[in-house]
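start_3.cif (mmCIF, C-alpha atoms)
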data_data
loop_
_atom_site.label_atom_id
_atom_site.label_comp_id
_atom_site.auth_asym_id
_atom_site.auth_seq_id
_atom_site.Cartn_x
_atom_site.Cartn_y
_atom_site.Cartn_z
CA MET C 1 26.47 -1.94 2.59
CA THR C 2 26.68 1.82 2.52
CA SER C 3 23.91 4.10 3.55
CA SER C 4 22.74 6.55 0.90
CA THR C 5 20.00 8.87 2.10
CA THR C 6 18.64 9.32 5.59
CA THR C 7 16.39 11.89 7.26
CA ASN C 8 14.86 12.11 10.70
CA SER C 9 11.39 11.23 9.43
CA THR C 10 12.44 7.84 8.04
CA ASN C 11 11.35 4.84 10.01
CA MET C 12 11.91 2.01 7.55
CA THR C 13 14.94 0.82 5.60
CA VAL C 14 14.92 -0.90 2.24
CA TYR C 15 18.02 -2.91 1.35
CA ASP C 16 18.23 -1.96 -2.25
CA PHE C 17 20.05 -2.06 -5.57
CA PRO C 18 18.37 0.85 -7.34
CA VAL C 19 18.41 -0.46 -10.94
CA GLY C 20 17.62 -4.08 -10.03
CA PRO C 21 14.34 -5.45 -11.42
CA TYR C 22 13.11 -6.82 -8.07
CA PRO C 23 14.09 -3.70 -6.07
CA THR C 24 12.38 -1.66 -8.79
CA ARG C 25 9.11 -3.46 -8.02
CA VAL C 26 9.20 -2.33 -4.40
CA ARG C 27 10.44 1.13 -5.37
CA ILE C 28 7.41 1.55 -7.67
CA ALA C 29 5.06 0.37 -4.89
CA ILE C 30 6.66 2.86 -2.50
CA ALA C 31 6.21 5.67 -5.03
CA GLU C 32 2.57 4.68 -5.72
CA LYS C 33 1.87 4.80 -1.97
CA LYS C 34 3.87 8.07 -1.63
CA LEU C 35 6.00 6.59 1.15
CA GLN C 36 9.39 7.73 -0.18
CA MET C 37 10.01 10.16 2.68
CA LYS C 38 9.48 7.47 5.30
CA ILE C 39 12.06 5.14 3.83
CA ARG C 40 15.83 5.09 3.91
CA PHE C 41 17.44 3.15 1.06
CA GLU C 42 20.61 1.22 1.82
CA LEU C 43 22.71 0.00 -1.07
CA VAL C 44 23.65 -3.69 -1.21
CA ASP C 45 26.00 -4.18 -4.17
CA LEU C 46 24.79 -7.19 -6.15
CA TYR C 47 27.85 -7.14 -8.43
CA LYS C 48 30.07 -7.50 -5.34
CA GLY C 49 27.86 -10.36 -4.16
CA GLU C 50 27.02 -8.55 -0.91
CA HIS C 51 23.59 -10.24 -0.92
CA LYS C 52 25.24 -13.68 -0.83
CA LYS C 53 27.59 -12.93 2.09
CA PRO C 54 26.94 -14.97 5.25
CA GLU C 55 26.18 -11.88 7.34
CA PHE C 56 23.48 -10.69 4.92
CA ILE C 57 21.94 -14.16 4.74
CA GLU C 58 22.01 -14.60 8.51
CA GLN C 59 20.94 -11.12 9.48
CA LYS C 60 18.69 -9.88 6.67
CA ASN C 61 17.32 -12.51 4.28
CA TYR C 62 17.90 -16.27 4.30
CA SER C 63 17.23 -16.43 0.55
CA GLY C 64 20.04 -13.97 -0.19
CA THR C 65 17.98 -11.70 -2.42
CA LEU C 66 16.94 -8.05 -2.62
CA PRO C 67 14.93 -6.10 -1.72
CA VAL C 68 14.36 -6.48 2.01
CA LEU C 69 12.30 -4.07 4.14
CA GLU C 70 13.43 -3.45 7.72
CA LEU C 71 10.98 -1.81 10.12
CA ALA C 72 11.95 0.59 12.89
CA ASP C 73 11.92 -2.25 15.45
CA GLY C 74 14.22 -4.42 13.32
CA THR C 75 11.49 -6.67 11.90
CA LEU C 76 12.49 -7.86 8.43
CA ILE C 77 10.16 -8.45 5.49
CA ALA C 78 11.67 -10.01 2.38
CA GLU C 79 10.03 -10.93 -0.96
CA CYS C 80 8.46 -8.26 -3.18
CA THR C 81 4.89 -9.53 -2.82
CA ALA C 82 5.11 -9.60 0.97
CA ILE C 83 6.69 -6.13 1.15
CA THR C 84 4.07 -4.74 -1.25
CA GLN C 85 1.26 -6.36 0.73
CA TYR C 86 2.62 -4.77 3.93
CA LEU C 87 3.16 -1.27 2.52
CA ASP C 88 -0.13 -1.30 0.61
CA THR C 89 -2.27 -2.12 3.64
CA LEU C 90 -0.47 0.19 6.11
CA ASP C 91 -2.81 3.09 5.40
CA GLY C 92 -5.94 0.94 5.49
CA SER C 93 -6.77 1.61 1.86
CA PRO C 94 -5.02 -0.89 -0.37
CA SER C 95 -4.66 0.38 -3.91
CA LEU C 96 -2.18 -2.17 -5.29
CA THR C 97 -3.24 -5.53 -3.80
CA GLY C 98 -7.04 -5.33 -4.02
CA SER C 99 -9.86 -4.32 -1.70
CA THR C 100 -12.25 -7.25 -2.19
CA PRO C 101 -11.49 -10.98 -1.92
CA LEU C 102 -11.95 -11.30 -5.69
CA GLU C 103 -9.59 -8.41 -6.49
CA GLN C 104 -7.04 -9.81 -4.05
CA GLY C 105 -7.27 -13.29 -5.56
CA ILE C 106 -6.92 -12.09 -9.16
CA ILE C 107 -4.09 -9.66 -8.39
CA HIS C 108 -2.12 -12.28 -6.43
CA MET C 109 -2.67 -14.83 -9.22
CA MET C 110 -1.56 -12.51 -12.00
CA SER C 111 1.43 -11.22 -10.05
CA LYS C 112 2.57 -14.77 -9.28
CA ARG C 113 2.01 -15.73 -12.92
CA ALA C 114 4.14 -12.75 -13.99
CA GLU C 115 6.90 -14.05 -11.72
CA ILE C 116 6.73 -17.64 -12.96
CA GLU C 117 6.25 -16.94 -16.65
CA LEU C 118 8.32 -13.79 -17.07
CA LEU C 119 10.36 -12.16 -14.30
CA ASP C 120 11.72 -15.24 -12.48
CA ALA C 121 12.31 -16.99 -15.82
CA ILE C 122 14.42 -14.07 -17.05
CA SER C 123 16.26 -13.98 -13.72
CA VAL C 124 17.23 -17.64 -14.16
CA TYR C 125 18.32 -16.90 -17.73
CA PHE C 126 20.45 -13.98 -16.50
CA HIS C 127 22.15 -16.04 -13.79
CA HIS C 128 22.55 -19.24 -15.83
CA GLY C 129 22.49 -18.41 -19.55
CA THR C 130 24.59 -15.20 -19.47
CA PRO C 131 27.65 -14.13 -17.40
CA GLY C 132 25.11 -12.80 -14.87
CA LEU C 133 26.76 -11.03 -11.94
CA GLY C 134 30.19 -12.31 -12.98
CA PRO C 135 32.35 -15.32 -12.06
CA LEU C 136 32.92 -14.26 -8.44
CA VAL C 137 29.16 -14.30 -7.72
CA GLU C 138 27.86 -16.94 -10.17
CA LEU C 139 29.57 -19.96 -8.61
CA TYR C 140 27.32 -22.45 -10.40
CA GLN C 141 25.65 -22.05 -13.77
CA ASN C 142 23.37 -24.38 -15.73
CA PRO C 143 23.21 -22.75 -19.19
CA GLU C 144 20.78 -25.29 -20.67
CA TRP C 145 18.27 -24.51 -17.90
CA GLY C 146 18.91 -20.81 -18.42
CA PHE C 147 18.12 -20.98 -22.14
CA ARG C 148 14.91 -22.94 -21.48
CA GLN C 149 13.81 -20.21 -19.10
CA ARG C 150 14.60 -17.52 -21.68
CA ASP C 151 12.30 -19.29 -24.16
CA LYS C 152 9.62 -19.59 -21.48
CA ALA C 153 9.84 -15.83 -20.88
CA ILE C 154 9.29 -15.12 -24.59
CA ARG C 155 6.17 -17.32 -24.48
CA GLY C 156 5.17 -15.39 -21.34
CA MET C 157 5.39 -12.12 -23.25
CA HIS C 158 2.94 -13.51 -25.82
CA TYR C 159 0.63 -14.62 -22.99
CA PHE C 160 0.60 -11.18 -21.33
CA ASP C 161 0.09 -9.59 -24.74
CA LYS C 162 -3.11 -11.66 -25.09
CA VAL C 163 -4.23 -10.59 -21.61
CA LEU C 164 -3.71 -6.95 -22.53
CA GLN C 165 -5.64 -7.31 -25.78
CA ARG C 166 -8.80 -7.74 -23.71
CA GLN C 167 -8.20 -5.50 -20.68
CA PRO C 168 -6.19 -2.32 -19.93
CA PHE C 169 -4.17 -3.68 -16.98
CA ILE C 170 -2.64 -7.07 -16.09
CA ALA C 171 -5.25 -7.91 -13.44
CA GLY C 172 -8.25 -6.16 -15.03
CA ASP C 173 -9.36 -2.56 -15.24
CA LYS C 174 -7.09 -1.08 -12.54
CA PHE C 175 -3.36 -0.64 -12.08
CA SER C 176 -2.11 -3.12 -9.45
CA MET C 177 0.81 -5.08 -8.03
CA ALA C 178 0.47 -7.41 -11.03
CA ASP C 179 1.35 -4.57 -13.44
CA ILE C 180 4.37 -3.79 -11.30
CA THR C 181 5.56 -7.41 -11.54
CA VAL C 182 5.31 -7.41 -15.33
CA ILE C 183 7.18 -4.07 -15.38
CA GLY C 184 9.90 -5.80 -13.32
CA GLY C 185 9.97 -8.53 -15.94
CA LEU C 186 10.43 -6.08 -18.81
CA VAL C 187 13.09 -4.16 -16.86
CA PHE C 188 14.99 -7.45 -16.57
CA ALA C 189 14.34 -8.28 -20.24
CA ALA C 190 16.07 -5.03 -21.23
CA ILE C 191 19.09 -5.87 -19.03
CA VAL C 192 19.56 -9.23 -20.80
CA ASN C 193 18.74 -7.75 -24.25
CA LEU C 194 15.63 -9.87 -24.60
CA GLU C 195 13.42 -7.91 -26.95
CA VAL C 196 9.64 -7.95 -26.64
CA PRO C 197 8.52 -9.49 -29.97
CA PRO C 198 7.21 -6.63 -32.17
CA GLU C 199 3.93 -8.51 -32.77
CA CYS C 200 3.14 -8.16 -29.02
CA LYS C 201 1.55 -4.80 -29.72
CA ALA C 202 -0.79 -4.71 -26.72
CA LEU C 203 2.07 -5.50 -24.34
CA LEU C 204 4.33 -2.88 -25.94
CA SER C 205 1.63 -0.22 -25.87
CA TRP C 206 0.78 -1.01 -22.23
CA TYR C 207 4.49 -0.71 -21.38
CA GLU C 208 4.69 2.72 -23.00
CA ARG C 209 1.74 3.81 -20.84
CA MET C 210 3.36 2.31 -17.73
CA LYS C 211 6.64 4.13 -18.34
CA LYS C 212 4.74 7.42 -18.28
CA ARG C 213 3.39 6.84 -14.75
CA GLU C 214 5.32 9.01 -12.31
CA SER C 215 6.01 6.05 -9.99
CA VAL C 216 7.68 4.23 -12.88
CA ALA C 217 9.30 7.08 -14.82
CA THR C 218 11.20 8.28 -11.74
CA GLN C 219 12.95 4.94 -11.11
CA PRO C 220 16.71 4.64 -11.72
CA ALA C 221 15.99 1.62 -13.96
CA PHE C 222 14.43 4.03 -16.47
CA SER C 223 16.97 6.85 -16.37
CA SER C 224 19.71 6.15 -18.87
CA MET K 1 -11.39 -34.44 -16.18
CA THR K 2 -14.07 -36.38 -14.36
CA SER K 3 -16.34 -34.88 -11.79
CA SER K 4 -16.25 -36.52 -8.38
CA THR K 5 -18.66 -34.97 -5.89
CA THR K 6 -21.36 -32.40 -6.49
CA THR K 7 -24.27 -31.09 -4.44
CA ASN K 8 -26.76 -28.30 -5.00
CA SER K 9 -25.11 -26.08 -2.39
CA THR K 10 -21.75 -26.02 -4.15
CA ASN K 11 -20.90 -22.84 -5.94
CA MET K 12 -17.17 -23.22 -6.55
CA THR K 13 -15.08 -25.87 -8.29
CA VAL K 14 -11.51 -26.82 -7.45
CA TYR K 15 -9.55 -28.60 -10.18
CA ASP K 16 -7.78 -31.05 -8.00
CA PHE K 17 -5.49 -34.04 -7.65
CA PRO K 18 -6.29 -35.08 -4.07
CA VAL K 19 -2.87 -36.37 -2.95
CA GLY K 20 -0.85 -33.68 -4.76
CA PRO K 21 1.22 -31.40 -2.50
CA TYR K 22 -0.05 -28.15 -4.06
CA PRO K 23 -3.72 -29.24 -4.13
CA THR K 24 -3.25 -30.35 -0.51
CA ARG K 25 -2.37 -26.76 0.42
CA VAL K 26 -5.68 -25.46 -0.90
CA ARG K 27 -7.56 -28.44 0.55
CA ILE K 28 -6.16 -27.63 4.02
CA ALA K 29 -7.12 -23.96 3.61
CA ILE K 30 -10.64 -25.01 2.60
CA ALA K 31 -10.91 -27.27 5.66
CA GLU K 32 -9.60 -24.56 7.99
CA LYS K 33 -12.24 -22.17 6.63
CA LYS K 34 -14.92 -24.91 6.77
CA LEU K 35 -15.83 -24.35 3.13
CA GLN K 36 -15.88 -28.01 2.04
CA MET K 37 -19.64 -28.09 1.44
CA LYS K 38 -19.47 -25.12 -0.91
CA ILE K 39 -16.87 -26.67 -3.15
CA ARG K 40 -17.02 -29.33 -5.82
CA PHE K 41 -13.72 -31.09 -6.50
CA GLU K 42 -12.98 -32.12 -10.06
CA LEU K 43 -10.17 -34.58 -10.68
CA VAL K 44 -7.45 -33.65 -13.18
CA ASP K 45 -5.13 -36.64 -13.55
CA LEU K 46 -1.56 -35.43 -13.28
CA TYR K 47 -0.13 -38.84 -14.21
CA LYS K 48 -2.07 -38.68 -17.49
CA GLY K 49 -0.74 -35.16 -18.05
CA GLU K 50 -4.25 -33.71 -18.16
CA HIS K 51 -2.91 -30.45 -16.67
CA LYS K 52 -0.54 -30.03 -19.64
CA LYS K 53 -3.17 -30.57 -22.35
CA PRO K 54 -3.86 -27.51 -24.56
CA GLU K 55 -7.52 -27.31 -23.48
CA PHE K 56 -6.59 -27.14 -19.78
CA ILE K 57 -3.90 -24.54 -20.43
CA GLU K 58 -6.18 -22.44 -22.62
CA GLN K 59 -9.34 -22.75 -20.56
CA LYS K 60 -8.20 -23.14 -16.95
CA ASN K 61 -4.60 -22.19 -16.16
CA TYR K 62 -1.92 -20.89 -18.52
CA SER K 63 0.81 -22.27 -16.25
CA GLY K 64 -0.58 -25.82 -16.54
CA THR K 65 -0.59 -26.51 -12.80
CA LEU K 66 -3.05 -27.52 -10.10
CA PRO K 67 -5.02 -26.50 -8.15
CA VAL K 68 -7.30 -23.98 -9.85
CA LEU K 69 -10.42 -22.49 -8.26
CA GLU K 70 -13.39 -21.72 -10.52
CA LEU K 71 -16.12 -19.45 -9.19
CA ALA K 72 -19.83 -19.82 -10.03
CA ASP K 73 -19.54 -17.18 -12.78
CA GLY K 74 -16.57 -18.95 -14.39
CA THR K 75 -13.87 -16.69 -12.97
CA LEU K 76 -10.65 -18.67 -12.52
CA ILE K 77 -8.11 -18.23 -9.73
CA ALA K 78 -4.89 -20.23 -10.00
CA GLU K 79 -1.87 -20.34 -7.65
CA CYS K 80 -2.21 -21.59 -4.08
CA THR K 81 -1.39 -18.25 -2.45
CA ALA K 82 -3.97 -16.41 -4.56
CA ILE K 83 -6.66 -19.04 -3.93
CA THR K 84 -5.92 -19.02 -0.20
CA GLN K 85 -6.01 -15.22 -0.10
CA TYR K 86 -9.41 -15.27 -1.82
CA LEU K 87 -10.99 -17.99 0.33
CA ASP K 88 -9.52 -16.59 3.54
CA THR K 89 -10.93 -13.10 3.05
CA LEU K 90 -14.38 -14.17 1.78
CA ASP K 91 -15.91 -14.17 5.26
CA GLY K 92 -14.29 -10.88 6.25
CA SER K 93 -12.24 -12.47 9.02
CA PRO K 94 -8.95 -13.74 7.63
CA SER K 95 -7.44 -16.42 9.83
CA LEU K 96 -4.75 -17.75 7.49
CA THR K 97 -3.31 -14.69 5.73
CA GLY K 98 -3.14 -12.15 8.55
CA SER K 99 -5.37 -9.36 9.85
CA THR K 100 -2.83 -6.56 10.23
CA PRO K 101 -0.34 -5.27 7.63
CA LEU K 102 2.51 -6.74 9.70
CA GLU K 103 0.88 -10.17 9.98
CA GLN K 104 0.12 -10.13 6.25
CA GLY K 105 3.68 -9.15 5.38
CA ILE K 106 5.28 -11.81 7.57
CA ILE K 107 2.88 -14.57 6.48
CA HIS K 108 3.35 -13.78 2.77
CA MET K 109 7.13 -13.67 3.26
CA MET K 110 7.33 -16.97 5.10
CA SER K 111 4.94 -18.72 2.72
CA LYS K 112 6.94 -17.54 -0.29
CA ARG K 113 10.15 -18.57 1.44
CA ALA K 114 8.65 -22.02 2.04
CA GLU K 115 7.94 -22.25 -1.68
CA ILE K 116 11.39 -21.12 -2.79
CA GLU K 117 13.45 -23.01 -0.22
CA LEU K 118 11.38 -26.16 0.19
CA LEU K 119 8.22 -26.93 -1.77
CA ASP K 120 9.14 -25.58 -5.23
CA ALA K 121 12.68 -26.93 -4.85
CA ILE K 122 11.34 -30.43 -4.17
CA SER K 123 8.92 -30.09 -7.07
CA VAL K 124 11.82 -29.34 -9.42
CA TYR K 125 13.72 -32.31 -7.97
CA PHE K 126 10.67 -34.55 -8.57
CA HIS K 127 10.22 -33.42 -12.17
CA HIS K 128 13.94 -33.32 -13.09
CA GLY K 129 15.90 -35.59 -10.73
CA THR K 130 13.44 -38.53 -10.55
CA PRO K 131 11.12 -40.15 -13.15
CA GLY K 132 8.51 -37.60 -12.01
CA LEU K 133 5.13 -38.09 -13.70
CA GLY K 134 6.66 -40.52 -16.20
CA PRO K 135 8.12 -40.22 -19.71
CA LEU K 136 4.85 -39.24 -21.39
CA VAL K 137 4.52 -36.14 -19.17
CA GLU K 138 8.16 -35.27 -18.41
CA LEU K 139 9.20 -34.31 -21.94
CA TYR K 140 12.32 -32.47 -20.78
CA GLN K 141 14.42 -33.20 -17.72
CA ASN K 142 17.55 -31.53 -16.37
CA PRO K 143 18.77 -33.93 -13.66
CA GLU K 144 21.71 -31.79 -12.54
CA TRP K 145 19.34 -28.90 -11.82
CA GLY K 146 16.99 -31.31 -10.07
CA PHE K 147 19.71 -32.59 -7.74
CA ARG K 148 20.79 -29.02 -6.88
CA GLN K 149 17.21 -28.24 -5.90
CA ARG K 150 17.02 -31.39 -3.75
CA ASP K 151 20.09 -30.21 -1.83
CA LYS K 152 18.56 -26.74 -1.49
CA ALA K 153 15.43 -28.31 0.01
CA ILE K 154 17.49 -30.15 2.63
CA ARG K 155 19.12 -26.83 3.58
CA GLY K 156 15.60 -25.36 3.68
CA MET K 157 14.54 -28.01 6.20
CA HIS K 158 17.40 -26.92 8.46
CA TYR K 159 16.35 -23.28 8.05
CA PHE K 160 12.72 -23.96 9.02
CA ASP K 161 13.94 -26.08 11.92
CA LYS K 162 15.80 -23.01 13.23
CA VAL K 163 12.68 -20.88 12.79
CA LEU K 164 10.64 -23.39 14.79
CA GLN K 165 13.22 -23.52 17.57
CA ARG K 166 12.23 -19.96 18.49
CA GLN K 167 8.49 -19.86 17.70
CA PRO K 168 5.61 -22.37 17.59
CA PHE K 169 4.48 -21.68 13.99
CA ILE K 170 6.24 -20.78 10.74
CA ALA K 171 5.13 -17.14 10.76
CA GLY K 172 5.07 -16.58 14.54
CA ASP K 173 2.64 -17.53 17.29
CA LYS K 174 -0.37 -18.46 15.12
CA PHE K 175 -1.15 -21.12 12.53
CA SER K 176 -1.19 -19.53 9.06
CA MET K 177 -0.86 -20.02 5.31
CA ALA K 178 2.90 -20.25 5.86
CA ASP K 179 2.46 -23.43 7.94
CA ILE K 180 0.31 -24.87 5.16
CA THR K 181 3.04 -24.20 2.60
CA VAL K 182 5.67 -25.99 4.69
CA ILE K 183 3.22 -28.89 5.17
CA GLY K 184 2.95 -29.00 1.35
CA GLY K 185 6.74 -29.17 1.21
CA LEU K 186 6.92 -32.10 3.61
CA VAL K 187 4.09 -33.90 1.78
CA PHE K 188 6.20 -33.61 -1.38
CA ALA K 189 9.35 -34.66 0.50
CA ALA K 190 7.63 -37.93 1.48
CA ILE K 191 6.61 -38.58 -2.14
CA VAL K 192 10.22 -38.31 -3.31
CA ASN K 193 11.58 -40.17 -0.23
CA LEU K 194 13.47 -37.13 0.98
CA GLU K 195 13.76 -37.65 4.71
CA VAL K 196 13.71 -34.72 7.13
CA PRO K 197 17.15 -34.94 8.80
CA PRO K 198 16.65 -36.42 12.30
CA GLU K 199 18.54 -33.52 13.88
CA CYS K 200 15.75 -31.17 12.71
CA LYS K 201 13.85 -31.90 15.92
CA ALA K 202 11.82 -28.71 16.07
CA LEU K 203 10.62 -29.18 12.47
CA LEU K 204 9.76 -32.84 13.09
CA SER K 205 7.87 -32.09 16.30
CA TRP K 206 5.97 -29.20 14.63
CA TYR K 207 5.04 -31.59 11.79
CA GLU K 208 3.66 -34.14 14.25
CA ARG K 209 1.51 -31.37 15.75
CA MET K 210 0.36 -30.26 12.30
CA LYS K 211 -0.63 -33.79 11.29
CA LYS K 212 -2.98 -33.87 14.27
CA ARG K 213 -4.95 -30.81 13.11
CA GLU K 214 -8.26 -31.93 11.67
CA SER K 215 -7.78 -29.88 8.49
CA VAL K 216 -4.53 -31.74 7.86
CA ALA K 217 -5.31 -35.23 9.20
CA THR K 218 -8.36 -35.56 6.95
CA GLN K 219 -6.44 -34.97 3.70
CA PRO K 220 -5.95 -37.89 1.26
CA ALA K 221 -2.19 -37.13 1.32
CA PHE K 222 -2.15 -38.40 4.92
CA SER K 223 -4.37 -41.45 4.64
CA SER K 224 -2.26 -44.45 3.73
#
Can you turn what I pasted into structure tokens?
Amino acid sequence: MTSSTTTNSTNMTVYDFPVGPYPTRVRIAIAEKKLQMKIRFELVDLYKGEHKKPEFIEQKNYSGTLPVLELADGTLIAECTAITQYLDTLDGSPSLTGSTPLEQGIIHMMSKRAEIELLDAISVYFHHGTPGLGPLVELYQNPEWGFRQRDKAIRGMHYFDKVLQRQPFIAGDKFSMADITVIGGLVFAAIVNLEVPPECKALLSWYERMKKRESVATQPAFSS
Amino acid sequence: MTSSTTTNSTNMTVYDFPVGPYPTRVRIAIAEKKLQMKIRFELVDLYKGEHKKPEFIEQKNYSGTLPVLELADGTLIAECTAITQYLDTLDGSPSLTGSTPLEQGIIHMMSKRAEIELLDAISVYFHHGTPGLGPLVELYQNPEWGFRQRDKAIRGMHYFDKVLQRQPFIAGDKFSMADITVIGGLVFAAIVNLEVPPECKALLSWYERMKKRESVATQPAFSS
């Protein structure tokens, strides 16, 4: 792990791989909340398997995944949803995870659904149905499972297309954590060359809008 | 789907399979929040594959899983975490999902970790490494993947044992949604005859305490 940027005003660290789909979710949340200046990003090289090393698993995140948020006192928060929930409620005015019980319920449902049906499915495909992070990191692969998950993700794209035919954002009429999760899914789809079917016009047009948001456009995943 | 109990005061419906590990999570949350009288439970028979029928998937939950909460106006909330978040914040005093950003972050992290490392892993083992819901429902099985997930769940038990060696509850010093998720995991472990290793003393002793809570003891999953 090598430290990249640091200033005196930072009080949190994100263990990060800047172009990774999951780190991109938290990076977008940070940008939406305008918290960039308070956070130091520390690179963990996925292609070197640094996230699977015993010291990372013991000291940072048992599940061996990125991103992880570390607070000034050393408290660790892993998992994108948990990190987003924390950062979004810090200022007392949540804008990504919902202000009412109903908003919270719908946003959490749609974000979880975007994980199950799109992002996590593509992640399994990447790690099991393609060379993934390479032979030194991918010590076990189950290609058949990987291909099933790829097909599930394509069905998921059709599902989210239907959702977006009737409303402007994934969880309703406002941008939320659920949009960010679907963005993460489409970032991963591009990495594995999984094209959004051209008939998914509502999903494609939503994605064009999303890529114009400053919080999204400024991410390393979109600068090529 | 056949309706089981209904009274005039009910205004929400839970699509339910009373002994199922995931439905049990929401049932415990409902009991903790003392919302039983406001909720009508409607049986969806998993062993008949009712949750995988096109009408359930189209009308209730795209992911074809239980439980699902339906509000009086027909709004649907699927996914245990989302349902718990909704029910817990309804009364303005969340007791299961955290009151501060830090509590929320830690509880969401630990609950998600309990899904990844324990409950969801055992679910995959059940559906892929055992006969699961039977040949009419389990149309595709990948036993090798199932067995890997079983082994992951055993490692997960050791992890949560370590957590409970240093604190009384899964997310710290208070009962929370994260405890409920681990309870769901151990309910599923019993169904698939996956024993908690006897050396996991802290986990076993925590589970004995949990089974004495009224919200837990009164669940169909524990009456045998």
Taking only C-alpha atoms into account, find every residue of chain K that has an atom no more than 7 Å from chain C, and write it out as a CSV table (one decimal) with C-alpha atoms, keeping the file's coordinate frame.
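part-v4.csv, written as the output of this step:
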chain,number,residue,atom,x,y,z
K,77,ILE,CA,-8.1,-18.2,-9.7
K,78,ALA,CA,-4.9,-20.2,-10.0
K,79,GLU,CA,-1.9,-20.3,-7.6
K,82,ALA,CA,-4.0,-16.4,-4.6
K,83,ILE,CA,-6.7,-19.0,-3.9
K,85,GLN,CA,-6.0,-15.2,-0.1
K,86,TYR,CA,-9.4,-15.3,-1.8
K,89,THR,CA,-10.9,-13.1,3.0
K,90,LEU,CA,-14.4,-14.2,1.8
K,101,PRO,CA,-0.3,-5.3,7.6
K,102,LEU,CA,2.5,-6.7,9.7
K,104,GLN,CA,0.1,-10.1,6.2
K,105,GLY,CA,3.7,-9.2,5.4
K,106,ILE,CA,5.3,-11.8,7.6
K,108,HIS,CA,3.4,-13.8,2.8
K,109,MET,CA,7.1,-13.7,3.3
Item to check | Contacts of segment 211-224 of chain K at 8 Å (all atoms listed in the file; same-chain gap of 6+ positions) as an MDAnalysis selection string | outcome: chainID K and resid 18:21 24 27:29 31:32 187
Next on the checklist: Calculated over all atoms listed in the file, which of the candidates C:Met157, C:Lys38, C:Ala202, C:Val44 has the smallest distance to Gly64 of chain C?
Outcome noted: C:Val44
Next on the checklist: Translate the PyMOL selection byres ((chain C and resi 130) around 12) into a concrete residue list for this structure, as a PyMOL selection string.
Outcome noted: chain C and resi 122-129+131-135+138+140-147+149-150+191-194
Next on the checklist: Using all atoms listed in the file - which residues lie no farther than 10 Å from the point (-13.8, -28.6, -7.7) in the file's frame? Write them as a PyMOL selection string.
Outcome noted: chain K and resi 3-6+10-17+36+38-44+67-71
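By chain and then residue number, the residues within 12 Å of Arg166 of chain K are Tyr159, Phe160, Asp161, Ala171, Gly172, Asp173, Ala202, Leu203 and Trp206 of chain K, counting all atoms listed in the file and disregarding those fewer than 5 positions away in sequence.
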Given the file shown, determine the residues that the PyMOL selection byres ((chain K and resi 96) around 8) selects; report them as an mmCIF file with C-alpha atoms, in the frame of the given file.
data_model
loop_
_atom_site.group_PDB
_atom_site.id
_atom_site.type_symbol
_atom_site.label_atom_id
_atom_site.label_comp_id
_atom_site.auth_asym_id
_atom_site.auth_seq_id
_atom_site.Cartn_x
_atom_site.Cartn_y
_atom_site.Cartn_z
ATOM 1 C CA ALA K 29 -7.120 -23.960 3.610
ATOM 2 C CA THR K 84 -5.920 -19.020 -0.200
ATOM 3 C CA ASP K 88 -9.520 -16.590 3.540
ATOM 4 C CA PRO K 94 -8.950 -13.740 7.630
ATOM 5 C CA SER K 95 -7.440 -16.420 9.830
ATOM 6 C CA THR K 97 -3.310 -14.690 5.730
ATOM 7 C CA GLY K 98 -3.140 -12.150 8.550
ATOM 8 C CA PHE K 175 -1.150 -21.120 12.530
ATOM 9 C CA SER K 176 -1.190 -19.530 9.060
ATOM 10 C CA MET K 177 -0.860 -20.020 5.310
#
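Across the structure, atom CA of Val182 of chain K and atom CA of Arg25 of chain K are spaced 9.1 Å apart.
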Next on the checklist: Using Å and a single decimal, report how far atom CA of Cys200 of chain C sits from atom CA of His158 of chain C.
Outcome noted: 6.2 Å
Checklist outcome for this item: note - atom CA of Asp151 of chain K and atom CA of Ala121 of chain K are separated by 8.6 Å
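If only C-alpha atoms are the atoms counted, then among C:Gly185, C:Leu35, C:Leu118, C:Thr65 the closest residue to Arg155 of chain C is C:Leu118.
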